[in-house]
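The next block is protein10.txt, given as compact mmCIF, C-alpha atoms and all ligand atoms.
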# COMPACT_ATOMS: atom_id res chain seq x y z
CA MET A 244 409.06 23.29 -43.08
CA LYS A 245 406.08 23.71 -45.37
CA ALA A 246 402.35 23.08 -45.06
CA LEU A 247 399.68 22.70 -47.71
CA VAL A 248 396.02 23.33 -46.94
CA LEU A 249 393.87 21.63 -49.57
CA PHE A 250 390.14 22.21 -49.74
CA ASP A 251 387.00 21.58 -51.74
CA SER A 252 384.22 24.15 -51.42
CA LEU A 253 380.98 24.64 -53.32
CA PHE A 254 379.57 27.70 -51.53
CA GLY A 255 382.68 29.16 -49.87
CA ASN A 256 382.38 28.07 -46.21
CA THR A 257 385.08 25.41 -46.37
CA GLN A 258 387.33 27.77 -48.31
CA LYS A 259 387.01 30.36 -45.51
CA ILE A 260 387.96 27.75 -42.91
CA ALA A 261 390.89 26.58 -45.05
CA ASN A 262 392.14 30.17 -45.20
CA CYS A 263 391.87 30.49 -41.40
CA ILE A 264 393.92 27.31 -40.87
CA ALA A 265 396.53 28.62 -43.31
CA GLU A 266 396.67 31.98 -41.48
CA GLY A 267 397.16 30.21 -38.14
CA LEU A 268 399.95 28.05 -39.55
CA ARG A 269 401.69 31.15 -40.90
CA GLU A 270 401.29 32.89 -37.53
CA ALA A 271 403.08 29.87 -36.01
CA GLY A 272 405.94 30.41 -38.44
CA VAL A 273 405.14 27.69 -40.98
CA GLU A 274 405.38 28.55 -44.68
CA THR A 275 401.91 27.62 -45.96
CA ASP A 276 400.07 27.39 -49.26
CA CYS A 277 396.29 27.15 -49.42
CA VAL A 278 394.96 25.63 -52.63
CA SER A 279 391.65 24.36 -53.98
CA ILE A 280 391.76 20.70 -55.04
CA LYS A 281 390.66 21.92 -58.46
CA GLU A 282 394.02 23.70 -58.80
CA ALA A 283 396.26 21.31 -56.84
CA ARG A 284 399.12 19.73 -58.77
CA MET A 285 399.85 16.14 -57.79
CA GLY A 286 403.51 16.63 -58.66
CA GLU A 287 403.85 19.33 -55.96
CA VAL A 288 402.13 17.64 -53.02
CA TYR A 289 405.15 15.56 -51.94
CA LYS A 290 407.11 18.78 -51.24
CA TYR A 291 405.11 19.57 -48.09
CA ASP A 292 405.64 18.32 -44.52
CA LEU A 293 401.96 18.73 -43.53
CA LEU A 294 398.77 18.26 -45.51
CA ALA A 295 395.60 19.75 -43.98
CA VAL A 296 392.67 18.53 -46.07
CA GLY A 297 389.06 19.69 -45.83
CA ALA A 298 385.70 19.43 -47.59
CA PRO A 299 382.05 20.22 -47.10
CA THR A 300 379.98 17.43 -45.61
CA GLN A 301 377.52 16.34 -48.27
CA MET A 302 375.11 13.45 -47.86
CA PHE A 303 376.80 12.61 -44.51
CA THR A 304 380.29 12.22 -46.00
CA ALA A 305 382.96 14.06 -48.01
CA SER A 306 381.96 15.82 -51.22
CA LYS A 307 382.38 13.80 -54.42
CA PRO A 308 385.24 15.98 -55.78
CA MET A 309 387.15 15.41 -52.52
CA LYS A 310 386.62 11.64 -52.71
CA GLU A 311 387.94 11.63 -56.26
CA PHE A 312 390.90 13.80 -55.24
CA LEU A 313 391.81 11.45 -52.36
CA ASP A 314 391.77 8.55 -54.82
CA ARG A 315 394.21 10.41 -57.07
CA LEU A 316 396.47 11.12 -54.06
CA LYS A 317 397.29 7.39 -54.01
CA THR A 318 399.75 8.09 -56.83
CA VAL A 319 401.95 10.16 -54.45
CA ASP A 320 404.13 8.64 -51.72
CA LEU A 321 402.95 10.43 -48.57
CA HIS A 322 404.28 8.02 -45.95
CA GLY A 323 405.51 9.80 -42.83
CA LYS A 324 404.03 13.19 -43.70
CA ALA A 325 401.85 14.94 -41.13
CA GLY A 326 398.09 15.07 -41.75
CA PHE A 327 394.99 16.85 -40.49
CA ALA A 328 391.37 16.62 -41.70
CA PHE A 329 388.62 19.22 -41.37
CA ASP A 330 385.15 19.87 -42.70
CA THR A 331 382.15 22.13 -42.49
CA LYS A 332 378.79 20.66 -41.50
CA LEU A 333 375.48 21.30 -39.82
CA GLU A 334 375.21 20.92 -36.05
CA SER A 335 373.30 17.69 -35.65
CA ARG A 336 374.26 14.24 -34.49
CA PHE A 337 372.84 12.97 -37.76
CA SER A 338 375.07 15.24 -39.90
CA GLY A 339 377.78 12.76 -40.76
CA SER A 340 381.27 14.18 -41.34
CA ALA A 341 383.51 14.73 -44.35
CA ALA A 342 386.49 15.05 -41.99
CA LYS A 343 385.95 11.54 -40.63
CA PHE A 344 386.15 10.13 -44.16
CA ILE A 345 389.20 12.29 -45.04
CA GLU A 346 391.08 11.44 -41.84
CA LYS A 347 390.65 7.71 -42.48
CA LYS A 348 391.91 8.09 -46.07
CA LEU A 349 394.92 10.17 -44.97
CA GLY A 350 395.79 7.46 -42.46
CA ASP A 351 395.45 4.79 -45.17
CA LEU A 352 397.82 6.83 -47.35
CA GLY A 353 400.46 6.63 -44.61
CA LEU A 354 400.15 10.11 -43.14
CA ASP A 355 400.69 10.59 -39.43
CA ILE A 356 397.56 12.34 -38.06
CA ILE A 357 399.06 15.00 -35.76
CA LYS A 358 395.77 16.55 -34.64
CA VAL A 359 392.32 14.97 -34.40
CA ARG A 360 389.89 16.03 -37.13
CA ALA A 361 387.73 19.08 -36.55
CA SER A 362 384.40 20.33 -37.89
CA ALA A 363 383.38 23.96 -38.42
CA ILE A 364 379.67 24.31 -37.79
CA VAL A 365 377.37 26.10 -40.20
CA VAL A 366 373.86 27.30 -39.54
CA GLY A 367 371.01 27.43 -42.02
CA ARG A 368 369.38 30.77 -42.82
CA LYS A 369 365.94 31.13 -41.27
CA GLU A 370 364.37 33.17 -44.08
CA LYS A 371 361.65 31.63 -46.20
CA GLY A 372 362.99 30.07 -49.40
CA SER A 373 366.50 29.48 -48.00
CA LYS A 374 368.39 26.56 -49.55
CA ALA A 375 371.05 24.14 -48.25
CA GLY A 376 373.76 26.22 -49.92
CA ASP A 377 372.75 29.34 -47.95
CA ALA A 378 374.14 28.03 -44.65
CA VAL A 379 376.76 30.30 -43.07
CA LEU A 380 379.56 29.68 -40.59
CA LYS A 381 378.48 29.88 -36.97
CA GLU A 382 379.97 32.80 -35.05
CA GLY A 383 383.41 32.07 -33.67
CA MET A 384 384.32 29.31 -36.14
CA GLU A 385 386.90 31.35 -38.02
CA ALA A 386 388.77 32.27 -34.82
CA LEU A 387 388.60 28.64 -33.69
CA PHE A 388 390.21 27.40 -36.89
CA ARG A 389 392.91 30.07 -36.85
CA GLU A 390 393.75 28.67 -33.42
CA ALA A 391 393.68 25.13 -34.89
CA GLY A 392 396.17 26.33 -37.53
CA ARG A 393 398.46 27.71 -34.81
CA ASP A 394 398.20 24.38 -32.94
CA LEU A 395 399.14 22.50 -36.10
CA GLY A 396 402.16 24.76 -36.54
CA ARG A 397 403.29 24.08 -32.99
CA PHE A 398 402.73 20.30 -33.34
CA LEU A 399 404.65 20.29 -36.60
CA GLN A 400 407.60 22.10 -35.04
CA ALA A 401 407.60 19.77 -32.00
CA ARG A 402 407.41 16.71 -34.26
CA ARG A 403 410.34 17.96 -36.28
CA GLN A 404 412.47 18.43 -33.16
CA LYS A 405 411.51 14.93 -31.98
CA VAL A 406 412.67 13.24 -35.18
CA GLY A 407 415.77 15.46 -35.20
CA ILE A 408 415.31 17.13 -38.56
CA ALA A 409 417.45 20.24 -38.83
C1 LIG A 501 373.75 18.99 -51.47
C2 LIG A 501 374.14 19.27 -50.04
C3 LIG A 501 374.16 18.23 -49.13
C4 LIG A 501 374.50 18.47 -47.79
N1 LIG A 501 374.53 17.42 -46.92
C5 LIG A 501 374.91 17.63 -45.63
C6 LIG A 501 374.99 16.55 -44.70
O1 LIG A 501 374.73 15.39 -45.00
N2 LIG A 501 375.38 16.85 -43.43
C7 LIG A 501 375.68 18.13 -43.03
O2 LIG A 501 376.03 18.33 -41.88
N3 LIG A 501 375.59 19.18 -43.89
C8 LIG A 501 375.22 18.95 -45.17
N4 LIG A 501 375.16 20.01 -46.05
C9 LIG A 501 375.55 21.35 -45.57
C10 LIG A 501 377.00 21.66 -45.98
O3 LIG A 501 377.90 20.75 -45.41
C11 LIG A 501 377.40 23.05 -45.50
O4 LIG A 501 376.50 24.01 -45.98
C12 LIG A 501 378.82 23.38 -45.90
O5 LIG A 501 379.32 24.43 -45.10
C13 LIG A 501 378.98 23.78 -47.35
O6 LIG A 501 380.34 24.02 -47.58
P1 LIG A 501 380.83 24.95 -48.76
O7 LIG A 501 380.24 26.33 -48.54
O8 LIG A 501 382.32 24.93 -48.62
O9 LIG A 501 380.37 24.32 -50.04
C14 LIG A 501 374.82 19.78 -47.37
C15 LIG A 501 374.77 20.83 -48.30
C16 LIG A 501 374.44 20.59 -49.62
C17 LIG A 501 374.39 21.74 -50.58
Here is a file; write its structure as structure tokens.
Amino acid sequence: MKALVLFDSLFGNTQKIANCIAEGLREAGVETDCVSIKEARMGEVYKYDLLAVGAPTQMFTASKPMKEFLDRLKTVDLHGKAGFAFDTKLESRFSGSAAKFIEKKLGDLGLDIIKVRASAIVVGRKEKGSKAGDAVLKEGMEALFREAGRDLGRFLQARRQKVGIA
């Protein structure tokens, strides 16, 4: 049983969260690779049982590189694989969500969403002259997403037993 955590990240927050999910999956006993979409090989993706896909929220939706990547994923048959979407975003009801966009696309590609999408919250720096890219993960987010990774591992194992795969 293998999992692939795929992420886009401009300033590093989403990459940190991707690494936490991967750690949690490994703690749950799932062999896991964690790869930037810039380095992902389309020919390898079909080998995994679970795809966890995440991006920064930009302009209320998924980053442009992630949207382009999801379009390219159409060339791979992913029907029946397990899926999970995550993002990083600001804490506001007007933030939008990359994960919402990704989850919908994963569903359209035939993946079975085994855990509802989740967002890791970032907070802007208060100092004068701070920019959008300076936002940092809110305290506790990394632990939360390691737990999400462990959950995914457990769900994946339960799902496997249900469908009777050895
Ligand atoms: C150009 C730009 C646009 C952004 N737009 C949004 C947005 O619409 N909603 C939101 O919640 N956060 C937005 N953010 C904040 C990012 O989602 C947040 O800083 C994220 O953690 C960045 O991830 P990264 O470090 O992996 O690149 C934006 C940031 C940038 C730089």
* To do: Produce as a PyMOL selection string the set of residues near ligand LIG 501 (chain A), where near means within 8 Å with only C-alpha atoms and all ligand atoms considered.
  => chain A and resi 251-259+298-304+330-335+337-340+363-367+374-380
Please report as a tab-separated table every residue of stretch 262-343 of chain A lying within 10 Å of stretch 400-403 of chain A, along with the nearest atom pair and their distance in Å (one decimal), using all atoms listed in the file.
residue	atom	partner	partner_atom	distance
A:Ala271	CA	A:Gln400	CA	9.0
A:Gly272	CA	A:Gln400	CA	9.1
A:Val273	CA	A:Gln400	CA	8.5
A:Asp292	CA	A:Arg403	CA	9.5
A:Ala325	CA	A:Arg402	CA	9.0
* Asked: What is the atom CA of A:Leu293 to atom CA of A:Gly326 distance in Å?
  ->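 Separation of atom CA of A:Leu293 and atom CA of A:Gly326: 5.6 Å.
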* Atom pair atom CA of A:Lys281 / atom CA of A:Leu399: separation (Å) ->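 Atom CA of A:Lys281 sits 26.0 Å away from atom CA of A:Leu399.
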* **d(atom CA of A:Ile260, atom CA of A:Cys277) in Å** =>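 That distance, rounded to one decimal, is 10.6 Å.
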* Contacts of A:Leu321 at 7 Å or less, counting only C-alpha atoms, minus same-chain residues fewer than 5 places along, as a VMD selection string? -> chain A and resid 289 352 to 354
Generate a file of the selected residues that holds C-alpha atoms, formatted as a CSV table (one decimal), in the frame of the given file.
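Writing the result to part-v7.csv gives the following:
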chain,number,residue,atom,x,y,z
A,289,TYR,CA,405.2,15.6,-51.9
A,352,LEU,CA,397.8,6.8,-47.4
A,353,GLY,CA,400.5,6.6,-44.6
A,354,LEU,CA,400.2,10.1,-43.1
Please rebuild stretch 327-361 of chain A with N, CA and C atoms and return the result as a PDB file, in the frame of the given file.
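See selection_37.pdb below for the written result:
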ATOM      1  N   PHE A 327     396.102  16.323 -41.293  1.00  0.00           N
ATOM      2  CA  PHE A 327     394.990  16.850 -40.490  1.00  0.00           C
ATOM      3  C   PHE A 327     393.774  16.961 -41.415  1.00  0.00           C
ATOM      4  N   ALA A 328     392.601  16.565 -40.890  1.00  0.00           N
ATOM      5  CA  ALA A 328     391.370  16.620 -41.700  1.00  0.00           C
ATOM      6  C   ALA A 328     390.365  17.570 -41.047  1.00  0.00           C
ATOM      7  N   PHE A 329     389.666  18.321 -41.892  1.00  0.00           N
ATOM      8  CA  PHE A 329     388.620  19.220 -41.370  1.00  0.00           C
ATOM      9  C   PHE A 329     387.441  19.237 -42.338  1.00  0.00           C
ATOM     10  N   ASP A 330     386.324  19.740 -41.830  1.00  0.00           N
ATOM     11  CA  ASP A 330     385.150  19.870 -42.700  1.00  0.00           C
ATOM     12  C   ASP A 330     384.270  21.006 -42.212  1.00  0.00           C
ATOM     13  N   THR A 331     383.241  21.301 -42.981  1.00  0.00           N
ATOM     14  CA  THR A 331     382.150  22.130 -42.490  1.00  0.00           C
ATOM     15  C   THR A 331     380.893  21.275 -42.543  1.00  0.00           C
ATOM     16  N   LYS A 332     379.988  21.496 -41.596  1.00  0.00           N
ATOM     17  CA  LYS A 332     378.790  20.660 -41.500  1.00  0.00           C
ATOM     18  C   LYS A 332     377.752  21.333 -40.612  1.00  0.00           C
ATOM     19  N   LEU A 333     376.564  20.810 -40.674  1.00  0.00           N
ATOM     20  CA  LEU A 333     375.480  21.300 -39.820  1.00  0.00           C
ATOM     21  C   LEU A 333     375.640  20.704 -38.419  1.00  0.00           C
ATOM     22  N   GLU A 334     375.069  21.389 -37.429  1.00  0.00           N
ATOM     23  CA  GLU A 334     375.210  20.920 -36.050  1.00  0.00           C
ATOM     24  C   GLU A 334     374.073  19.955 -35.709  1.00  0.00           C
ATOM     25  N   SER A 335     374.306  18.705 -35.985  1.00  0.00           N
ATOM     26  CA  SER A 335     373.300  17.690 -35.650  1.00  0.00           C
ATOM     27  C   SER A 335     374.036  16.371 -35.506  1.00  0.00           C
ATOM     28  N   ARG A 336     373.550  15.511 -34.608  1.00  0.00           N
ATOM     29  CA  ARG A 336     374.260  14.240 -34.490  1.00  0.00           C
ATOM     30  C   ARG A 336     373.983  13.326 -35.674  1.00  0.00           C
ATOM     31  N   PHE A 337     373.113  13.758 -36.554  1.00  0.00           N
ATOM     32  CA  PHE A 337     372.840  12.970 -37.760  1.00  0.00           C
ATOM     33  C   PHE A 337     373.534  13.557 -39.000  1.00  0.00           C
ATOM     34  N   SER A 338     374.439  14.521 -38.781  1.00  0.00           N
ATOM     35  CA  SER A 338     375.070  15.240 -39.900  1.00  0.00           C
ATOM     36  C   SER A 338     376.014  14.404 -40.733  1.00  0.00           C
ATOM     37  N   GLY A 339     376.663  13.415 -40.096  1.00  0.00           N
ATOM     38  CA  GLY A 339     377.780  12.760 -40.760  1.00  0.00           C
ATOM     39  C   GLY A 339     378.982  13.693 -40.707  1.00  0.00           C
ATOM     40  N   SER A 340     380.077  13.322 -41.367  1.00  0.00           N
ATOM     41  CA  SER A 340     381.270  14.180 -41.340  1.00  0.00           C
ATOM     42  C   SER A 340     382.211  13.854 -42.488  1.00  0.00           C
ATOM     43  N   ALA A 341     382.502  14.887 -43.287  1.00  0.00           N
ATOM     44  CA  ALA A 341     383.510  14.730 -44.350  1.00  0.00           C
ATOM     45  C   ALA A 341     384.870  14.462 -43.725  1.00  0.00           C
ATOM     46  N   ALA A 342     385.162  15.152 -42.600  1.00  0.00           N
ATOM     47  CA  ALA A 342     386.490  15.050 -41.990  1.00  0.00           C
ATOM     48  C   ALA A 342     386.784  13.613 -41.529  1.00  0.00           C
ATOM     49  N   LYS A 343     385.757  12.922 -41.075  1.00  0.00           N
ATOM     50  CA  LYS A 343     385.950  11.540 -40.630  1.00  0.00           C
ATOM     51  C   LYS A 343     386.438  10.680 -41.811  1.00  0.00           C
ATOM     52  N   PHE A 344     385.777  10.868 -42.935  1.00  0.00           N
ATOM     53  CA  PHE A 344     386.150  10.130 -44.160  1.00  0.00           C
ATOM     54  C   PHE A 344     387.585  10.497 -44.566  1.00  0.00           C
ATOM     55  N   ILE A 345     387.876  11.813 -44.579  1.00  0.00           N
ATOM     56  CA  ILE A 345     389.200  12.290 -45.040  1.00  0.00           C
ATOM     57  C   ILE A 345     390.301  11.780 -44.110  1.00  0.00           C
ATOM     58  N   GLU A 346     390.061  11.874 -42.804  1.00  0.00           N
ATOM     59  CA  GLU A 346     391.080  11.440 -41.840  1.00  0.00           C
ATOM     60  C   GLU A 346     391.439   9.964 -42.040  1.00  0.00           C
ATOM     61  N   LYS A 347     390.415   9.152 -42.253  1.00  0.00           N
ATOM     62  CA  LYS A 347     390.650   7.710 -42.480  1.00  0.00           C
ATOM     63  C   LYS A 347     391.511   7.506 -43.732  1.00  0.00           C
ATOM     64  N   LYS A 348     391.161   8.223 -44.804  1.00  0.00           N
ATOM     65  CA  LYS A 348     391.910   8.090 -46.070  1.00  0.00           C
ATOM     66  C   LYS A 348     393.354   8.559 -45.901  1.00  0.00           C
ATOM     67  N   LEU A 349     393.547   9.676 -45.175  1.00  0.00           N
ATOM     68  CA  LEU A 349     394.920  10.170 -44.970  1.00  0.00           C
ATOM     69  C   LEU A 349     395.739   9.138 -44.214  1.00  0.00           C
ATOM     70  N   GLY A 350     395.117   8.521 -43.212  1.00  0.00           N
ATOM     71  CA  GLY A 350     395.790   7.460 -42.460  1.00  0.00           C
ATOM     72  C   GLY A 350     396.155   6.293 -43.375  1.00  0.00           C
ATOM     73  N   ASP A 351     395.210   5.894 -44.232  1.00  0.00           N
ATOM     74  CA  ASP A 351     395.450   4.790 -45.170  1.00  0.00           C
ATOM     75  C   ASP A 351     396.597   5.121 -46.134  1.00  0.00           C
ATOM     76  N   LEU A 352     396.757   6.407 -46.425  1.00  0.00           N
ATOM     77  CA  LEU A 352     397.820   6.830 -47.350  1.00  0.00           C
ATOM     78  C   LEU A 352     399.179   6.945 -46.652  1.00  0.00           C
ATOM     79  N   GLY A 353     399.190   6.667 -45.334  1.00  0.00           N
ATOM     80  CA  GLY A 353     400.460   6.630 -44.610  1.00  0.00           C
ATOM     81  C   GLY A 353     400.800   7.915 -43.888  1.00  0.00           C
ATOM     82  N   LEU A 354     399.872   8.877 -43.869  1.00  0.00           N
ATOM     83  CA  LEU A 354     400.150  10.110 -43.140  1.00  0.00           C
ATOM     84  C   LEU A 354     400.001   9.876 -41.639  1.00  0.00           C
ATOM     85  N   ASP A 355     400.734  10.653 -40.883  1.00  0.00           N
ATOM     86  CA  ASP A 355     400.690  10.590 -39.430  1.00  0.00           C
ATOM     87  C   ASP A 355     399.727  11.709 -38.985  1.00  0.00           C
ATOM     88  N   ILE A 356     398.570  11.330 -38.427  1.00  0.00           N
ATOM     89  CA  ILE A 356     397.560  12.340 -38.060  1.00  0.00           C
ATOM     90  C   ILE A 356     398.036  13.050 -36.782  1.00  0.00           C
ATOM     91  N   ILE A 357     398.443  14.314 -36.911  1.00  0.00           N
ATOM     92  CA  ILE A 357     399.060  15.000 -35.760  1.00  0.00           C
ATOM     93  C   ILE A 357     398.041  15.756 -34.913  1.00  0.00           C
ATOM     94  N   LYS A 358     396.826  15.890 -35.435  1.00  0.00           N
ATOM     95  CA  LYS A 358     395.770  16.550 -34.640  1.00  0.00           C
ATOM     96  C   LYS A 358     394.442  15.930 -35.077  1.00  0.00           C
ATOM     97  N   VAL A 359     393.611  15.610 -34.106  1.00  0.00           N
ATOM     98  CA  VAL A 359     392.320  14.970 -34.400  1.00  0.00           C
ATOM     99  C   VAL A 359     391.455  15.882 -35.268  1.00  0.00           C
ATOM    100  N   ARG A 360     390.746  15.285 -36.183  1.00  0.00           N
ATOM    101  CA  ARG A 360     389.890  16.030 -37.130  1.00  0.00           C
ATOM    102  C   ARG A 360     388.979  17.030 -36.414  1.00  0.00           C
ATOM    103  N   ALA A 361     388.605  18.060 -37.148  1.00  0.00           N
ATOM    104  CA  ALA A 361     387.730  19.080 -36.550  1.00  0.00           C
ATOM    105  C   ALA A 361     386.689  19.538 -37.563  1.00  0.00           C
TER     106      ALA A 361
END
